[in-house]
Amino acid sequence: MSTCYNPFTLEGKTILVTGASSGIGRQIAIDCSKMGANLIISGRDEIRLNETLSNLAGEGHVALTADLSDMSQIENLVSQIAGIDGAVLSAGRGLTRPVQFSSPDKMNEVFQINFFSTAELIRLLYKSKKAKKNASIVIIDSIAGITDVSPGTSVYGATKAALNSFSKYCALEFAVRKIRVNCICPGMIETPLIHRGTLTEEQLQEDAKRYPCGRYGRPEDVSNGAIYLLSDASSWVTGTSLFIDGGISI
Amino acid sequence: MELNDFIKKFAEQFEETAPEEIQASTEFKSLEEWSSLTSLSILAMVDDEYDVALKGDDIKNAVTVEDLFNKVASKA
């Protein structure tokens, strides 16, 4: 085993994953643990977060319940972390609503968790120096608002475009500490977020046919990309967006 | 909630279809203008006006405007 070439190992790295109580975040936490990382997982729902914790491979992982839409809880989360070699920011929510119904209250809810909270967590991790030298920060972004503009996704897409833009400034400024910041832009991934009922199962199945690869993505399609960006295999990669989208952006 | 008021708000979500073409018995998904965007607008209108979160399936299962009104009324 020790002779097996593995540039993607996360052995010895401590990695924070937010939004780890379900969907993409949960899969990333599980797969990072299989790659040898020590995990600090965060999510709003304590029961579901502990479900993720019990599914992690190896020992010594930590679960910290936090509602990241609350800025004081972000600060509290950071204060409980000693130091990290990587972070995957996966906390977020969706909204499907035409522009003419996207009033400030609706917009604020989504911007708060998807953009402001993610940006604030990154800021605090950097400022507090909890993000160690050579750390890798991975933002779970989206094709929405970037290469995909679909009816009803203006607010969600705008939060994701904002994240994409913000990540590049972070990459530029954090390079002095050799901290890398990259985005993953997934297409539609089979998670609870897309099965919340706004679109019917028939509409989703029809939509999946638009993907050149013939299906929606799976959480592991995204976690494999996250592993690459967290590992030393990507140590010369920063400020990029990795599109994991079954070819829909072609 | 009141049926005629619902029909009026429902009809406001259309651009090309004249309001008088939309009645309680109108099979709205057969209207030429009907689209996924119209469907999303109806969902958002119902949420804003009646504080009811309809699902895509509620639209799918309703045939007439009155069917949808009854669904909203049952959840309000």
# chains A, B, ... in the order shown; residues from 1 in each chain; ligands from 1
>>> residues_around(residues="region 111-120 of chain A", least_positions_apart="3", cutoff="8 Å", atoms="only C-alpha atoms", output="NGL selection string")
:A and (68-71 or 74 or 89 or 91-93 or 107-108 or 123-124 or 155-156 or 159-160 or 162-163 or 166)
>>> select_by_dssp(residues="chain B", states="alpha helix (DSSP H)", output="MDAnalysis selection string")
chainID B and resid 3:11 36:50 56:61 65:75
>>> write_last_selection(atoms="N, CA and C atoms", output="compact mmCIF listing (two decimals), in the first residue's frame")
# COMPACT_ATOMS: atom_id res chain seq x y z
N LEU B 3 -62.84 33.11 -5.03
CA LEU B 3 -62.50 32.56 -6.34
C LEU B 3 -62.23 33.64 -7.39
N ASN B 4 -63.10 34.64 -7.46
CA ASN B 4 -62.92 35.65 -8.51
C ASN B 4 -61.63 36.45 -8.33
N ASP B 5 -61.31 36.69 -7.07
CA ASP B 5 -60.06 37.40 -6.78
C ASP B 5 -58.86 36.55 -7.19
N PHE B 6 -58.95 35.25 -6.91
CA PHE B 6 -57.88 34.33 -7.30
C PHE B 6 -57.72 34.30 -8.82
N ILE B 7 -58.85 34.24 -9.53
CA ILE B 7 -58.80 34.20 -11.00
C ILE B 7 -58.13 35.47 -11.55
N LYS B 8 -58.46 36.60 -10.94
CA LYS B 8 -57.87 37.87 -11.38
C LYS B 8 -56.34 37.84 -11.20
N LYS B 9 -55.90 37.40 -10.03
CA LYS B 9 -54.45 37.35 -9.77
C LYS B 9 -53.77 36.30 -10.65
N PHE B 10 -54.49 35.21 -10.89
CA PHE B 10 -53.98 34.15 -11.78
C PHE B 10 -53.77 34.73 -13.19
N ALA B 11 -54.79 35.46 -13.66
CA ALA B 11 -54.75 36.00 -15.03
C ALA B 11 -53.63 37.03 -15.19
N SER B 36 -43.04 27.07 -18.41
CA SER B 36 -42.48 26.81 -17.09
C SER B 36 -42.34 28.11 -16.29
N LEU B 37 -42.11 29.22 -17.02
CA LEU B 37 -42.00 30.50 -16.32
C LEU B 37 -43.37 30.93 -15.75
N THR B 38 -44.43 30.68 -16.52
CA THR B 38 -45.77 31.00 -16.01
C THR B 38 -46.03 30.19 -14.75
N SER B 39 -45.65 28.91 -14.80
CA SER B 39 -45.86 28.03 -13.66
C SER B 39 -45.13 28.57 -12.42
N LEU B 40 -43.88 28.99 -12.61
CA LEU B 40 -43.10 29.55 -11.49
C LEU B 40 -43.74 30.84 -10.97
N SER B 41 -44.30 31.62 -11.89
CA SER B 41 -44.95 32.87 -11.48
C SER B 41 -46.21 32.59 -10.65
N ILE B 42 -46.95 31.56 -11.05
CA ILE B 42 -48.15 31.19 -10.28
C ILE B 42 -47.74 30.73 -8.87
N LEU B 43 -46.70 29.91 -8.78
CA LEU B 43 -46.23 29.44 -7.47
C LEU B 43 -45.83 30.62 -6.59
N ALA B 44 -45.11 31.58 -7.17
CA ALA B 44 -44.64 32.73 -6.39
C ALA B 44 -45.81 33.63 -6.00
N MET B 45 -46.76 33.83 -6.93
CA MET B 45 -47.94 34.66 -6.64
C MET B 45 -48.73 34.05 -5.47
N VAL B 46 -48.94 32.74 -5.51
CA VAL B 46 -49.71 32.08 -4.46
C VAL B 46 -48.98 32.18 -3.12
N ASP B 47 -47.67 32.06 -3.14
CA ASP B 47 -46.88 32.19 -1.91
C ASP B 47 -47.01 33.61 -1.35
N ASP B 48 -46.86 34.61 -2.22
CA ASP B 48 -46.91 36.01 -1.77
C ASP B 48 -48.31 36.42 -1.33
N GLU B 49 -49.32 36.04 -2.10
CA GLU B 49 -50.69 36.53 -1.84
C GLU B 49 -51.44 35.72 -0.79
N TYR B 50 -51.17 34.40 -0.75
CA TYR B 50 -51.96 33.54 0.15
C TYR B 50 -51.10 32.83 1.19
N GLY B 56 -44.75 21.89 -7.43
CA GLY B 56 -44.92 21.69 -8.87
C GLY B 56 -46.02 20.67 -9.15
N ASP B 57 -46.11 19.66 -8.27
CA ASP B 57 -47.13 18.62 -8.46
C ASP B 57 -48.55 19.17 -8.34
N ASP B 58 -48.74 20.20 -7.52
CA ASP B 58 -50.08 20.79 -7.38
C ASP B 58 -50.52 21.41 -8.70
N ILE B 59 -49.58 22.02 -9.40
CA ILE B 59 -49.89 22.59 -10.73
C ILE B 59 -50.17 21.43 -11.70
N LYS B 60 -49.33 20.41 -11.62
CA LYS B 60 -49.47 19.27 -12.53
C LYS B 60 -50.84 18.61 -12.36
N ASN B 61 -51.27 18.47 -11.12
CA ASN B 61 -52.50 17.73 -10.85
C ASN B 61 -53.77 18.54 -11.07
N VAL B 65 -58.55 26.25 -13.49
CA VAL B 65 -58.14 27.29 -12.54
C VAL B 65 -58.81 27.04 -11.18
N GLU B 66 -60.07 26.59 -11.24
CA GLU B 66 -60.79 26.34 -9.99
C GLU B 66 -60.16 25.18 -9.20
N ASP B 67 -59.65 24.17 -9.93
CA ASP B 67 -58.95 23.07 -9.23
C ASP B 67 -57.78 23.63 -8.40
N LEU B 68 -57.05 24.54 -9.00
CA LEU B 68 -55.90 25.10 -8.32
C LEU B 68 -56.35 25.98 -7.15
N PHE B 69 -57.43 26.75 -7.39
CA PHE B 69 -57.99 27.55 -6.32
C PHE B 69 -58.34 26.66 -5.12
N ASN B 70 -58.99 25.53 -5.40
CA ASN B 70 -59.38 24.62 -4.31
C ASN B 70 -58.16 24.07 -3.57
N LYS B 71 -57.11 23.82 -4.33
CA LYS B 71 -55.87 23.33 -3.70
C LYS B 71 -55.28 24.38 -2.76
N VAL B 72 -55.25 25.62 -3.25
CA VAL B 72 -54.71 26.71 -2.43
C VAL B 72 -55.59 26.88 -1.18
N ALA B 73 -56.92 26.86 -1.40
CA ALA B 73 -57.86 27.05 -0.28
C ALA B 73 -57.67 25.96 0.77
N SER B 74 -57.39 24.75 0.31
CA SER B 74 -57.21 23.63 1.26
C SER B 74 -55.94 23.76 2.07
N LYS B 75 -54.98 24.50 1.55
CA LYS B 75 -53.70 24.65 2.27
C LYS B 75 -53.63 25.97 3.03
>>> interface_residues(of="chain A", to="chain B", cutoff="9 Å", atoms="only C-alpha atoms", output="NGL selection string")
:A and (96-98 or 100-102 or 151-152 or 196-201 or 203)
>>> closest_residue(among="A:Val88, A:Val17, A:Ile248, A:Leu39", to="Thr147 (chain A)", atoms="only C-alpha atoms")
A:Ile248
>>> residues_around(residues="region 58-60 of chain A", least_positions_apart="5", cutoff="8 Å", atoms="only C-alpha atoms", output="number ranges by chain")
A: 33-34, 36, 38-39
>>> decode(residues="chain B", atoms="C-alpha atoms", output="CSV table (one decimal), in the first residue's frame")
chain,number,residue,atom,x,y,z
B,1,MET,CA,-60.1,33.6,-0.1
B,2,GLU,CA,-62.4,34.3,-2.9
B,3,LEU,CA,-62.5,32.6,-6.3
B,4,ASN,CA,-62.9,35.7,-8.5
B,5,ASP,CA,-60.1,37.4,-6.8
B,6,PHE,CA,-57.9,34.3,-7.3
B,7,ILE,CA,-58.8,34.2,-11.0
B,8,LYS,CA,-57.9,37.9,-11.4
B,9,LYS,CA,-54.5,37.3,-9.8
B,10,PHE,CA,-54.0,34.2,-11.8
B,11,ALA,CA,-54.8,36.0,-15.0
B,12,GLU,CA,-52.2,38.7,-14.2
B,13,GLN,CA,-49.4,36.2,-14.7
B,14,PHE,CA,-50.1,36.0,-18.4
B,15,GLU,CA,-48.8,38.5,-21.0
B,16,GLU,CA,-50.6,37.5,-24.2
B,17,THR,CA,-53.8,35.8,-22.9
B,18,ALA,CA,-56.6,38.3,-22.3
B,19,PRO,CA,-58.0,38.3,-18.7
B,20,GLU,CA,-61.5,37.4,-19.9
B,21,GLU,CA,-60.1,34.2,-21.5
B,22,ILE,CA,-59.3,32.9,-18.0
B,23,GLN,CA,-62.3,31.6,-16.1
B,24,ALA,CA,-62.8,29.1,-13.3
B,25,SER,CA,-63.3,26.3,-15.8
B,26,THR,CA,-60.3,27.3,-18.0
B,27,GLU,CA,-57.9,24.4,-18.5
B,28,PHE,CA,-54.9,26.7,-18.0
B,29,LYS,CA,-52.1,24.3,-19.1
B,30,SER,CA,-53.7,24.2,-22.5
B,31,LEU,CA,-53.3,27.9,-23.0
B,32,GLU,CA,-50.9,28.6,-25.8
B,33,GLU,CA,-48.9,30.9,-23.6
B,34,TRP,CA,-48.4,28.4,-20.7
B,35,SER,CA,-44.8,27.8,-19.9
B,36,SER,CA,-42.5,26.8,-17.1
B,37,LEU,CA,-42.0,30.5,-16.3
B,38,THR,CA,-45.8,31.0,-16.0
B,39,SER,CA,-45.9,28.0,-13.7
B,40,LEU,CA,-43.1,29.5,-11.5
B,41,SER,CA,-45.0,32.9,-11.5
B,42,ILE,CA,-48.2,31.2,-10.3
B,43,LEU,CA,-46.2,29.4,-7.5
B,44,ALA,CA,-44.6,32.7,-6.4
B,45,MET,CA,-47.9,34.7,-6.6
B,46,VAL,CA,-49.7,32.1,-4.5
B,47,ASP,CA,-46.9,32.2,-1.9
B,48,ASP,CA,-46.9,36.0,-1.8
B,49,GLU,CA,-50.7,36.5,-1.8
B,50,TYR,CA,-52.0,33.5,0.1
B,51,ASP,CA,-48.9,32.4,2.1
B,52,VAL,CA,-49.3,29.0,0.6
B,53,ALA,CA,-46.3,27.0,-0.7
B,54,LEU,CA,-47.6,25.0,-3.6
B,55,LYS,CA,-45.5,22.3,-5.2
B,56,GLY,CA,-44.9,21.7,-8.9
B,57,ASP,CA,-47.1,18.6,-8.5
B,58,ASP,CA,-50.1,20.8,-7.4
B,59,ILE,CA,-49.9,22.6,-10.7
B,60,LYS,CA,-49.5,19.3,-12.5
B,61,ASN,CA,-52.5,17.7,-10.8
B,62,ALA,CA,-54.8,20.7,-11.4
B,63,VAL,CA,-56.7,20.9,-14.7
B,64,THR,CA,-58.8,24.0,-14.3
B,65,VAL,CA,-58.1,27.3,-12.5
B,66,GLU,CA,-60.8,26.3,-10.0
B,67,ASP,CA,-58.9,23.1,-9.2
B,68,LEU,CA,-55.9,25.1,-8.3
B,69,PHE,CA,-58.0,27.6,-6.3
B,70,ASN,CA,-59.4,24.6,-4.3
B,71,LYS,CA,-55.9,23.3,-3.7
B,72,VAL,CA,-54.7,26.7,-2.4
B,73,ALA,CA,-57.9,27.1,-0.3
B,74,SER,CA,-57.2,23.6,1.3
B,75,LYS,CA,-53.7,24.7,2.3
B,76,ALA,CA,-54.5,28.2,3.4
